[in-house]
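Quick look at start00.tsv (TSV, C-alpha atoms):
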chain	number	residue	atom	x	y	z
A	1	MET	CA	42.30	12.17	-8.30
A	2	ARG	CA	42.46	14.73	-11.12
A	3	THR	CA	44.16	17.19	-8.75
A	4	LEU	CA	46.73	14.57	-7.75
A	5	ALA	CA	47.39	13.67	-11.38
A	6	LEU	CA	47.88	17.34	-12.30
A	7	ALA	CA	50.23	17.84	-9.37
A	8	ARG	CA	52.28	14.81	-10.50
A	9	LEU	CA	52.44	16.24	-14.02
A	10	VAL	CA	53.74	19.57	-12.72
A	11	CYS	CA	56.38	17.81	-10.61
A	12	ALA	CA	57.44	15.78	-13.64
A	13	LEU	CA	57.86	18.98	-15.68
A	14	LEU	CA	60.01	20.54	-12.97
A	15	LEU	CA	62.14	17.38	-12.66
A	16	SER	CA	62.61	17.24	-16.43
A	17	ALA	CA	63.67	20.89	-16.51
A	18	SER	CA	66.26	20.31	-13.79
A	19	THR	CA	67.61	17.20	-15.55
A	20	ALA	CA	67.94	19.07	-18.85
A	21	ALA	CA	69.83	21.84	-17.10
A	22	ALA	CA	72.23	19.37	-15.50
A	23	GLN	CA	72.94	17.65	-18.81
A	24	THR	CA	73.62	20.89	-20.71
A	25	GLU	CA	77.17	22.05	-20.05
A	26	ALA	CA	77.81	25.78	-20.23
A	27	PRO	CA	80.92	26.82	-22.17
A	28	GLU	CA	83.94	27.87	-20.16
A	29	GLU	CA	84.54	31.59	-19.72
A	30	LYS	CA	87.58	33.62	-18.76
A	31	VAL	CA	87.43	35.09	-15.29
A	32	ASP	CA	89.11	38.33	-16.30
A	33	SER	CA	87.31	38.77	-19.63
A	34	VAL	CA	85.41	41.99	-20.36
A	35	ASP	CA	81.65	41.50	-20.51
A	36	PRO	CA	80.33	42.07	-24.04
A	37	VAL	CA	77.48	44.51	-24.66
A	38	ASP	CA	74.22	42.53	-24.81
A	39	ASP	CA	72.67	42.05	-28.23
A	40	ALA	CA	69.06	41.40	-29.20
A	41	SER	CA	69.37	37.70	-28.36
A	42	SER	CA	70.42	38.49	-24.78
A	43	TRP	CA	69.15	36.52	-21.80
A	44	ARG	CA	68.63	39.70	-19.75
A	45	ARG	CA	65.06	40.94	-19.32
A	46	PRO	CA	62.63	41.94	-16.56
A	47	LEU	CA	61.27	39.37	-14.13
A	48	GLY	CA	58.31	37.45	-15.52
A	49	SER	CA	56.14	38.20	-12.48
A	50	ARG	CA	52.44	39.03	-12.55
A	51	ASN	CA	49.91	39.63	-9.80
A	52	GLN	CA	49.03	36.13	-8.56
A	53	THR	CA	46.00	36.96	-6.42
A	54	PRO	CA	43.21	34.57	-7.53
A	55	LEU	CA	40.86	37.31	-8.75
A	56	ALA	CA	43.62	38.95	-10.81
A	57	LEU	CA	44.46	35.62	-12.47
A	58	LEU	CA	40.95	35.50	-13.96
A	59	PHE	CA	41.62	38.37	-16.35
A	60	VAL	CA	44.08	39.33	-19.07
A	61	TYR	CA	47.43	40.64	-17.85
A	62	MET	CA	50.44	41.54	-19.97
A	63	THR	CA	53.39	39.83	-18.32
A	64	PRO	CA	56.53	42.01	-18.09
A	65	ASP	CA	58.87	41.47	-21.02
A	66	ARG	CA	61.85	43.10	-22.73
A	67	ALA	CA	61.16	45.37	-25.67
A	68	GLU	CA	62.99	43.72	-28.57
A	69	ALA	CA	61.35	40.87	-30.45
A	70	ILE	CA	63.33	37.66	-30.93
A	71	GLY	CA	64.96	37.05	-34.32
A	72	LYS	CA	63.46	35.51	-37.43
A	73	GLY	CA	63.04	31.76	-37.07
A	74	GLU	CA	63.95	31.75	-33.36
A	75	LEU	CA	61.76	29.84	-30.91
A	76	ASP	CA	61.56	30.76	-27.24
A	77	LEU	CA	59.91	28.43	-24.72
A	78	ASP	CA	59.24	29.54	-21.14
A	79	ILE	CA	58.13	27.16	-18.40
A	80	VAL	CA	57.14	29.08	-15.27
A	81	PHE	CA	56.25	27.83	-11.79
A	82	ASP	CA	54.64	30.41	-9.44
A	83	TYR	CA	53.84	29.19	-5.91
A	84	SER	CA	51.68	31.53	-3.80
A	85	ASN	CA	50.18	31.71	-0.32
A	86	ILE	CA	47.23	33.93	0.59
A	87	ILE	CA	44.98	34.50	3.61
A	88	GLN	CA	42.53	37.39	3.52
A	89	GLU	CA	38.95	38.11	4.56
A	90	GLN	CA	36.80	41.21	4.41
A	91	GLN	CA	33.10	41.98	4.56
A	92	THR	CA	30.82	44.94	3.88
A	93	GLU	CA	27.05	45.22	4.03
A	94	ASN	CA	26.70	43.82	0.50
A	95	GLU	CA	29.89	41.84	-0.13
A	96	PHE	CA	31.97	39.10	1.46
A	97	LEU	CA	35.42	37.97	0.28
A	98	ARG	CA	37.64	35.24	1.71
A	99	PHE	CA	40.72	33.45	0.40
A	100	ASP	CA	42.69	30.95	2.49
A	101	LEU	CA	44.76	28.61	0.33
A	102	GLU	CA	48.00	27.92	-1.51
A	103	TYR	CA	48.35	27.32	-5.20
A	104	LEU	CA	50.81	26.48	-7.95
A	105	ARG	CA	50.41	28.22	-11.30
A	106	THR	CA	52.37	26.57	-14.10
A	107	LEU	CA	52.64	28.56	-17.32
A	108	VAL	CA	53.82	27.19	-20.65
A	109	ALA	CA	54.57	29.99	-23.12
A	110	LEU	CA	55.95	29.65	-26.64
A	111	LYS	CA	56.87	32.44	-29.06
A	112	ARG	CA	58.47	32.66	-32.50
A	113	GLY	CA	60.25	35.45	-34.34
A	114	PHE	CA	59.12	36.26	-37.89
A	115	GLY	CA	61.62	38.94	-38.82
A	116	ARG	CA	61.17	42.71	-39.27
A	117	GLY	CA	60.76	43.01	-35.50
A	118	VAL	CA	57.62	40.84	-35.34
A	119	GLU	CA	57.06	38.16	-32.70
A	120	LEU	CA	54.00	35.92	-32.16
A	121	GLY	CA	53.25	33.51	-29.34
A	122	PHE	CA	50.75	31.85	-27.04
A	123	GLU	CA	50.60	30.78	-23.40
A	124	VAL	CA	48.59	28.24	-21.40
A	125	PRO	CA	48.32	28.30	-17.57
A	126	PHE	CA	47.65	25.30	-15.32
A	127	TYR	CA	46.48	25.64	-11.70
A	128	VAL	CA	46.62	23.46	-8.59
A	129	TYR	CA	44.81	24.88	-5.52
A	130	TYR	CA	45.18	23.17	-2.13
A	131	GLY	CA	45.92	23.80	1.57
A	132	GLY	CA	49.69	23.83	1.21
A	133	PHE	CA	52.44	24.02	3.81
A	134	LEU	CA	53.72	27.62	3.88
A	135	ASP	CA	51.37	29.13	6.50
A	136	PRO	CA	53.83	28.78	9.44
A	137	PHE	CA	56.73	30.16	7.36
A	138	VAL	CA	54.78	33.18	6.10
A	139	ASN	CA	53.50	33.89	9.63
A	140	SER	CA	57.07	33.95	10.96
A	141	PHE	CA	58.32	36.01	8.01
A	142	HIS	CA	55.66	38.69	8.55
A	143	GLU	CA	56.34	38.82	12.27
A	144	ALA	CA	60.12	39.08	11.77
A	145	PHE	CA	59.81	42.08	9.44
A	146	GLY	CA	56.86	43.77	11.14
A	147	LEU	CA	54.45	43.07	8.29
A	148	PRO	CA	50.70	42.76	9.00
A	149	ASN	CA	49.49	39.22	9.66
A	150	LEU	CA	45.75	40.00	9.82
A	151	LEU	CA	44.02	36.56	9.96
A	152	ARG	CA	47.25	34.59	10.29
A	153	GLY	CA	47.35	32.57	13.48
A	154	GLN	CA	43.56	32.77	13.81
A	155	THR	CA	42.77	30.01	11.29
A	156	PRO	CA	44.12	26.44	10.97
A	157	ASN	CA	47.21	25.96	8.81
A	158	GLY	CA	46.76	24.21	5.48
A	159	LEU	CA	43.13	25.28	5.03
A	160	VAL	CA	41.32	25.45	1.66
A	161	ASP	CA	38.50	27.98	1.89
A	162	TYR	CA	37.52	30.60	-0.69
A	163	GLU	CA	34.29	32.52	-1.28
A	164	TYR	CA	33.19	35.71	-2.99
A	165	ARG	CA	29.59	36.74	-2.35
A	166	ARG	CA	27.62	39.74	-3.62
A	167	GLY	CA	24.38	40.13	-1.72
A	168	ASP	CA	22.74	36.70	-1.70
A	169	GLN	CA	24.65	35.51	-4.77
A	170	VAL	CA	27.72	33.31	-4.27
A	171	VAL	CA	29.88	34.29	-7.24
A	172	LEU	CA	32.49	31.62	-6.48
A	173	GLY	CA	33.36	29.39	-3.57
A	174	GLY	CA	34.79	26.07	-2.46
A	175	MET	CA	36.52	24.16	0.37
A	176	SER	CA	38.36	21.37	-1.44
A	177	SER	CA	41.56	21.02	-3.47
A	178	PHE	CA	41.37	20.98	-7.26
A	179	GLY	CA	43.30	21.52	-10.49
A	180	ALA	CA	42.28	23.33	-13.67
A	181	VAL	CA	43.48	24.59	-17.06
A	182	GLY	CA	43.23	28.37	-17.41
A	183	ASP	CA	42.46	30.85	-20.18
A	184	ILE	CA	44.71	30.60	-23.24
A	185	ALA	CA	46.34	33.87	-24.38
A	186	LEU	CA	47.70	34.86	-27.82
A	187	ASN	CA	50.53	37.42	-27.90
A	188	VAL	CA	52.08	39.71	-30.51
A	189	LYS	CA	55.02	42.14	-30.33
A	190	LYS	CA	56.40	44.63	-32.86
A	191	THR	CA	59.73	46.40	-32.38
A	192	LEU	CA	59.38	50.07	-33.33
A	193	TYR	CA	62.91	51.28	-32.58
A	194	ALA	CA	66.08	49.28	-31.92
A	195	GLY	CA	69.06	51.50	-31.15
A	196	ASN	CA	72.11	50.88	-29.01
A	197	PRO	CA	71.17	50.26	-26.24
A	198	GLN	CA	67.56	51.65	-26.26
A	199	VAL	CA	64.65	49.62	-27.67
A	200	LEU	CA	60.94	50.50	-27.97
A	201	SER	CA	58.07	48.22	-28.97
A	202	VAL	CA	54.29	47.77	-28.89
A	203	ARG	CA	52.59	44.59	-27.62
A	204	GLY	CA	49.15	43.03	-27.72
A	205	THR	CA	47.48	40.11	-25.91
A	206	LEU	CA	44.15	38.39	-26.62
A	207	LYS	CA	42.80	36.16	-23.80
A	208	LEU	CA	40.28	33.50	-24.75
A	209	PRO	CA	37.62	32.19	-22.29
A	210	THR	CA	38.81	28.59	-22.03
A	211	GLY	CA	38.87	28.54	-18.19
A	212	ASP	CA	36.08	28.51	-15.61
A	213	PRO	CA	35.45	31.19	-12.92
A	214	GLN	CA	34.24	28.55	-10.45
A	215	ASN	CA	37.65	26.85	-10.71
A	216	LEU	CA	39.50	30.17	-10.39
A	217	SER	CA	40.93	29.57	-13.86
A	218	GLY	CA	39.22	32.19	-16.06
A	219	SER	CA	36.76	35.06	-16.21
A	220	GLY	CA	34.37	33.50	-18.71
A	221	ALA	CA	34.91	36.37	-21.18
A	222	THR	CA	37.33	37.44	-23.91
A	223	ASP	CA	39.82	40.17	-22.89
A	224	PHE	CA	42.38	42.21	-24.80
A	225	GLY	CA	45.53	44.05	-23.70
A	226	LEU	CA	47.62	46.68	-25.48
A	227	GLY	CA	50.94	48.04	-24.23
A	228	VAL	CA	54.35	49.57	-24.88
A	229	ALA	CA	57.73	48.32	-23.70
A	230	PHE	CA	61.01	50.22	-23.37
A	231	ASP	CA	64.39	49.08	-22.13
A	232	ARG	CA	67.95	50.25	-22.02
A	233	ILE	CA	70.37	47.37	-21.49
A	234	GLY	CA	74.04	48.15	-21.03
A	235	PRO	CA	77.00	45.89	-20.28
A	236	LYS	CA	76.37	46.07	-16.51
A	237	TYR	CA	73.04	47.78	-15.84
A	238	GLY	CA	69.60	47.62	-17.41
A	239	LEU	CA	66.36	49.60	-17.18
A	240	TYR	CA	62.98	48.07	-18.07
A	241	LEU	CA	59.61	49.84	-18.40
A	242	ASN	CA	56.23	48.41	-19.45
A	243	ALA	CA	52.90	50.27	-19.57
A	244	ASN	CA	49.68	48.48	-20.56
A	245	TYR	CA	45.94	49.01	-20.80
A	246	HIS	CA	43.59	46.04	-20.55
A	247	PHE	CA	40.12	45.94	-22.12
A	248	LEU	CA	37.91	43.42	-20.32
A	249	GLY	CA	34.93	41.54	-21.67
A	250	THR	CA	31.59	41.19	-19.87
A	251	PRO	CA	31.57	38.01	-17.77
A	252	GLU	CA	28.37	36.73	-16.19
A	253	SER	CA	29.79	36.51	-12.66
A	254	PHE	CA	31.63	39.82	-12.22
A	255	GLU	CA	31.17	43.54	-12.71
A	256	THR	CA	34.45	44.48	-14.34
A	257	ARG	CA	36.24	47.59	-15.56
A	258	ASP	CA	39.13	48.19	-17.94
A	259	TYR	CA	42.39	48.79	-16.10
A	260	PHE	CA	45.96	50.08	-16.39
A	261	SER	CA	49.13	48.24	-15.35
A	262	PHE	CA	52.75	49.34	-15.10
A	263	MET	CA	56.14	47.74	-14.47
A	264	ALA	CA	59.48	49.36	-13.67
A	265	GLY	CA	62.62	47.30	-13.12
A	266	VAL	CA	66.40	47.54	-13.01
A	267	ASP	CA	69.08	44.87	-13.20
A	268	TRP	CA	72.76	44.63	-12.30
A	269	ARG	CA	74.93	42.16	-14.19
A	270	PHE	CA	77.45	41.49	-11.43
A	271	LYS	CA	78.81	38.31	-13.06
A	272	PRO	CA	79.19	37.52	-16.77
A	273	ARG	CA	76.31	35.03	-16.59
A	274	LEU	CA	74.37	36.32	-13.57
A	275	ALA	CA	72.17	39.38	-13.01
A	276	ALA	CA	70.15	40.62	-10.03
A	277	VAL	CA	66.79	42.24	-10.78
A	278	LEU	CA	64.63	44.57	-8.66
A	279	GLN	CA	61.15	45.30	-9.94
A	280	VAL	CA	57.85	46.96	-8.98
A	281	ASP	CA	54.55	45.82	-10.53
A	282	TYR	CA	51.35	47.89	-10.34
A	283	MET	CA	47.82	47.19	-11.57
A	284	GLN	CA	44.48	48.91	-11.10
A	285	PRO	CA	41.67	46.69	-9.77
A	286	PRO	CA	39.78	44.90	-12.59
A	287	ILE	CA	36.61	44.23	-10.53
A	288	ARG	CA	34.08	46.77	-9.27
A	289	GLY	CA	33.15	46.15	-5.67
A	290	GLU	CA	33.09	47.42	-2.10
A	291	VAL	CA	35.61	45.40	-0.11
A	292	LEU	CA	39.08	46.91	0.11
A	293	ASN	CA	40.74	43.69	-1.06
A	294	ILE	CA	39.01	44.18	-4.44
A	295	ILE	CA	39.11	47.95	-4.98
A	296	ASP	CA	42.69	48.40	-3.72
A	297	PRO	CA	45.30	48.61	-6.54
A	298	GLY	CA	47.68	45.67	-6.71
A	299	ILE	CA	51.29	46.63	-5.90
A	300	GLN	CA	54.12	44.11	-5.63
A	301	LEU	CA	57.87	44.21	-5.04
A	302	ALA	CA	59.88	41.48	-6.79
A	303	LEU	CA	63.52	40.55	-6.28
A	304	GLY	CA	65.17	37.92	-8.45
A	305	LEU	CA	68.20	36.42	-10.16
A	306	ARG	CA	68.61	35.58	-13.85
A	307	TYR	CA	71.32	33.11	-14.88
A	308	ARG	CA	72.53	32.42	-18.44
A	309	HIS	CA	73.50	28.77	-18.41
A	310	SER	CA	74.25	28.56	-22.14
A	311	ASP	CA	73.05	29.90	-25.48
A	312	ALA	CA	70.04	27.60	-25.18
A	313	PHE	CA	69.12	27.82	-21.47
A	314	ALA	CA	68.49	30.67	-19.02
A	315	TYR	CA	66.96	30.44	-15.54
A	316	GLU	CA	65.18	32.83	-13.22
A	317	TRP	CA	64.40	32.70	-9.49
A	318	ARG	CA	62.25	35.38	-7.86
A	319	LEU	CA	60.53	36.28	-4.60
A	320	VAL	CA	57.47	38.55	-4.66
A	321	GLU	CA	56.10	40.37	-1.60
A	322	ASP	CA	52.76	42.18	-1.49
A	323	LEU	CA	52.63	45.94	-0.92
A	324	SER	CA	48.82	46.09	-1.02
A	325	SER	CA	45.85	43.87	-0.15
A	326	PHE	CA	45.10	43.01	-3.80
A	327	SER	CA	48.04	40.61	-3.98
A	328	PRO	CA	49.08	37.27	-2.45
A	329	ASP	CA	50.97	37.39	0.83
A	330	PHE	CA	53.97	35.63	-0.68
A	331	THR	CA	55.02	34.19	-4.06
A	332	PHE	CA	58.13	32.21	-4.99
A	333	ALA	CA	58.82	31.41	-8.64
A	334	PHE	CA	61.21	29.48	-10.85
A	335	GLN	CA	61.33	30.08	-14.60
A	336	MET	CA	63.23	28.25	-17.33
A	337	GLU	CA	63.78	29.72	-20.79
A	338	VAL	CA	64.78	27.50	-23.71
A	339	ARG	CA	65.93	29.31	-26.86
A	340	SER	CA	66.29	27.73	-30.31
A	341	LYS	CA	68.26	29.84	-32.75
A	342	GLY	CA	66.88	30.61	-36.19
A	343	GLY	CA	68.00	32.64	-39.17
A	344	ARG	CA	69.07	36.25	-39.32
A	345	ARG	CA	66.74	39.07	-38.37
In structure tokens, how does this file's structure come out?
Amino acid sequence: MRTLALARLVCALLLSASTAAAQTEAPEEKVDSVDPVDDASSWRRPLGSRNQTPLALLFVYMTPDRAEAIGKGELDLDIVFDYSNIIQEQQTENEFLRFDLEYLRTLVALKRGFGRGVELGFEVPFYVYYGGFLDPFVNSFHEAFGLPNLLRGQTPNGLVDYEYRRGDQVVLGGMSSFGAVGDIALNVKKTLYAGNPQVLSVRGTLKLPTGDPQNLSGSGATDFGLGVAFDRIGPKYGLYLNANYHFLGTPESFETRDYFSFMAGVDWRFKPRLAAVLQVDYMQPPIRGEVLNIIDPGIQLALGLRYRHSDAFAYEWRLVEDLSSFSPDFTFAFQMEVRSKGGRR
């Protein structure tokens, strides 16, 4: 019943977001007008994708972001829906890992600008894990493009089955649908250099152990991330780079290691209010183990669109395909950004 209630809440959020978008009219624009050079309050930025494999979601991860902090007094609210499908199984002499499920991760993130290039924020994730409906589609997609299907077609569609075992110890496992609230994260950003059009900043993230490893919603330990962000955003084309290092706590259930992550993305503003984004995300494995699906680095390719509806609303749609085994087979995401203007920087 709790899972059903959480799913209804997520659907209500998505419906409310769509209704707000429909009721907010974007100002008219001239077809032949010259696109202005983006300023610091621009809607253009890298895709907000992160590795959605269940084990990666347990630990701190610095979500890709643009370098410049928002202005003093500005509020920025992001509501993100990531829907993923995964089927994988591997076994060694001492370890067994299996994931066969679908899940919706809903992230609510709020940040505020404090002037002098300083930005503070927090984010809270919500999870719904269940059997889903995408298994036949992902099977056909992999076959059409010659991608490996591995266990696909060998197990029933819509199955919920996950287990990670080390020796005789079952670290986590389950065969039923559920919902959970994940680890809360606190974020800070400081702009170091803001030229035209290059920007450089440092970022930090502190993840608190508010989730539960058994519910695939947290590691059970406090983690910290530190990174740098650089971008160069011109009237038509943009370049985005993030590099981060994550310091992991010591959870009871896992043998972890600190890890490095990297993002590189480019965008093309082919319409005054619309930009296409291509992005690669990389992360080292955060868990020490033997099975390839744990020790393999996570590499993903993301393709998306960002649309500036108005000064207050921007939307993002993205598809993410795995390029390694430490990643879901398929992720589709919708993201809504709501910006409230403040005072001058």
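With all atoms listed in the file as the atoms that count, the minimum distance from A:Tyr259 to the choices A:Tyr61, A:Gln52, A:Asn293, A:Val320 is reached by A:Tyr61.
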**Item:** Point-to-point distance in Å for atom CA of A:Leu319 and atom CA of A:Arg98
**Value:**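 Value for the atom CA of A:Arg98-atom CA of A:Leu319 distance: 23.8 Å.
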Write out as CSV the residues of stretch 215-324 of chain A that have any atom within 9 Å of an atom of stretch 62-86 of chain A, one row each with the nearest atom pair and its distance in Å to one decimal, counting all atoms listed in the file, sorted by chain and then rising number.
residue,atom,partner,partner_atom,distance
A:Gly225,CA,A:Met62,CA,6.7
A:Leu226,CA,A:Met62,CA,8.0
A:Gly227,CA,A:Met62,CA,7.8
A:Val228,CA,A:Ala67,CA,8.0
A:Ala229,CA,A:Ala67,CA,4.9
A:Phe230,CA,A:Ala67,CA,5.4
A:Asp231,CA,A:Ala67,CA,6.1
A:Tyr240,CA,A:Arg66,CA,6.9
A:Leu241,CA,A:Arg66,CA,8.3
A:Asn242,CA,A:Pro64,CA,6.5
A:Asn244,CA,A:Met62,CA,7.0
A:Tyr245,CA,A:Met62,CA,8.8
A:His246,CA,A:Met62,CA,8.2
A:Ser261,CA,A:Met62,CA,8.2
A:Phe262,CA,A:Pro64,CA,8.8
A:Met263,CA,A:Pro64,CA,6.8
A:Asp281,CA,A:Pro64,CA,8.7
**Message:** Ranking A:Leu192, A:Glu95, A:Asn187, A:Arg50 by minimum distance to A:Arg112 and counting only C-alpha atoms, which one comes first?
**Reply:**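 So, comparing all the options, the nearest one is A:Asn187.
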All file atoms of stretch 325-340 of chain A boxed axis-aligned, 5 Å per side, centre plus edges, as AutoDock Vina command-line options:
--center_x 55.7 --center_y 35.7 --center_z -14.7 --size_x 31.2 --size_y 26.4 --size_z 41.1
**Request:** List the neighbours of A:Arg105 out to 12 Å using only C-alpha atoms; skip same-chain residues closer than 5 positions along the sequence, and give me the result as a PyMOL selection string.
**Result:** chain A and resi 6-7+10+49-54+57+79-85+124-130+179-182+216-217+331-335
**Point-to-point distance from atom CA of A:Gly204 to atom CA of A:Asp267, Å rounded to tenths** =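 Between these atoms lies a distance of 24.7 Å.
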**Message:** Quick one: residues within 6 Å of A:Gly218, all atoms listed in the file, excluding same-chain residues fewer than 4 positions away - as a count of residues only?
**Reply:** 6
**Request:** Counting only C-alpha atoms, figure out which residue out of A:Phe254, A:Leu120, A:Leu159, A:Gln198 gets nearest to A:Gly289.
**Result:**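 Among the listed residues, A:Phe254 lies closest to A:Gly289.
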Reconstructed stretch 260-284 of chain A, atom set N, CA and C atoms, as an mmCIF file, keeping the file's coordinate frame:
data_model
loop_
_atom_site.group_PDB
_atom_site.id
_atom_site.type_symbol
_atom_site.label_atom_id
_atom_site.label_comp_id
_atom_site.auth_asym_id
_atom_site.auth_seq_id
_atom_site.Cartn_x
_atom_site.Cartn_y
_atom_site.Cartn_z
ATOM 1 N N PHE A 260 44.597 49.727 -15.998
ATOM 2 C CA PHE A 260 45.960 50.080 -16.390
ATOM 3 C C PHE A 260 46.949 49.310 -15.524
ATOM 4 N N SER A 261 48.067 48.876 -16.124
ATOM 5 C CA SER A 261 49.130 48.240 -15.350
ATOM 6 C C SER A 261 50.471 48.825 -15.779
ATOM 7 N N PHE A 262 51.448 48.727 -14.867
ATOM 8 C CA PHE A 262 52.750 49.340 -15.100
ATOM 9 C C PHE A 262 53.826 48.507 -14.412
ATOM 10 N N MET A 263 54.991 48.430 -15.047
ATOM 11 C CA MET A 263 56.140 47.740 -14.470
ATOM 12 C C MET A 263 57.382 48.598 -14.651
ATOM 13 N N ALA A 264 58.181 48.691 -13.602
ATOM 14 C CA ALA A 264 59.480 49.360 -13.670
ATOM 15 C C ALA A 264 60.502 48.467 -12.989
ATOM 16 N N GLY A 265 61.604 48.182 -13.682
ATOM 17 C CA GLY A 265 62.620 47.300 -13.120
ATOM 18 C C GLY A 265 64.017 47.717 -13.525
ATOM 19 N N VAL A 266 64.983 47.313 -12.717
ATOM 20 C CA VAL A 266 66.400 47.540 -13.010
ATOM 21 C C VAL A 266 67.150 46.250 -12.740
ATOM 22 N N ASP A 267 68.242 46.038 -13.482
ATOM 23 C CA ASP A 267 69.080 44.870 -13.200
ATOM 24 C C ASP A 267 70.543 45.279 -13.135
ATOM 25 N N TRP A 268 71.315 44.435 -12.474
ATOM 26 C CA TRP A 268 72.760 44.630 -12.300
ATOM 27 C C TRP A 268 73.439 43.325 -12.669
ATOM 28 N N ARG A 269 74.209 43.345 -13.741
ATOM 29 C CA ARG A 269 74.930 42.160 -14.190
ATOM 30 C C ARG A 269 76.270 42.116 -13.456
ATOM 31 N N PHE A 270 76.262 41.477 -12.282
ATOM 32 C CA PHE A 270 77.450 41.490 -11.430
ATOM 33 C C PHE A 270 78.401 40.328 -11.723
ATOM 34 N N LYS A 271 77.969 39.379 -12.543
ATOM 35 C CA LYS A 271 78.810 38.310 -13.060
ATOM 36 C C LYS A 271 78.504 38.163 -14.546
ATOM 37 N N PRO A 272 79.456 37.626 -15.337
ATOM 38 C CA PRO A 272 79.190 37.520 -16.770
ATOM 39 C C PRO A 272 77.897 36.793 -17.114
ATOM 40 N N ARG A 273 77.509 35.814 -16.289
ATOM 41 C CA ARG A 273 76.310 35.030 -16.590
ATOM 42 C C ARG A 273 75.204 35.211 -15.551
ATOM 43 N N LEU A 274 75.323 36.186 -14.667
ATOM 44 C CA LEU A 274 74.370 36.320 -13.570
ATOM 45 C C LEU A 274 73.988 37.778 -13.364
ATOM 46 N N ALA A 275 72.678 38.031 -13.224
ATOM 47 C CA ALA A 275 72.170 39.380 -13.010
ATOM 48 C C ALA A 275 71.122 39.377 -11.914
ATOM 49 N N ALA A 276 71.176 40.411 -11.060
ATOM 50 C CA ALA A 276 70.150 40.620 -10.030
ATOM 51 C C ALA A 276 69.138 41.633 -10.549
ATOM 52 N N VAL A 277 67.858 41.387 -10.269
ATOM 53 C CA VAL A 277 66.790 42.240 -10.780
ATOM 54 C C VAL A 277 65.892 42.693 -9.636
ATOM 55 N N LEU A 278 65.585 43.990 -9.612
ATOM 56 C CA LEU A 278 64.630 44.570 -8.660
ATOM 57 C C LEU A 278 63.512 45.195 -9.470
ATOM 58 N N GLN A 279 62.273 44.925 -9.082
ATOM 59 C CA GLN A 279 61.150 45.300 -9.940
ATOM 60 C C GLN A 279 59.903 45.629 -9.110
ATOM 61 N N VAL A 280 59.132 46.598 -9.583
ATOM 62 C CA VAL A 280 57.850 46.960 -8.980
ATOM 63 C C VAL A 280 56.760 46.764 -10.030
ATOM 64 N N ASP A 281 55.697 46.048 -9.650
ATOM 65 C CA ASP A 281 54.550 45.820 -10.530
ATOM 66 C C ASP A 281 53.319 46.487 -9.933
ATOM 67 N N TYR A 282 52.548 47.176 -10.795
ATOM 68 C CA TYR A 282 51.350 47.890 -10.340
ATOM 69 C C TYR A 282 50.201 47.570 -11.299
ATOM 70 N N MET A 283 49.015 47.352 -10.747
ATOM 71 C CA MET A 283 47.820 47.190 -11.570
ATOM 72 C C MET A 283 46.608 47.774 -10.863
ATOM 73 N N GLN A 284 45.745 48.441 -11.632
ATOM 74 C CA GLN A 284 44.480 48.910 -11.100
ATOM 75 C C GLN A 284 43.546 47.716 -10.901
#
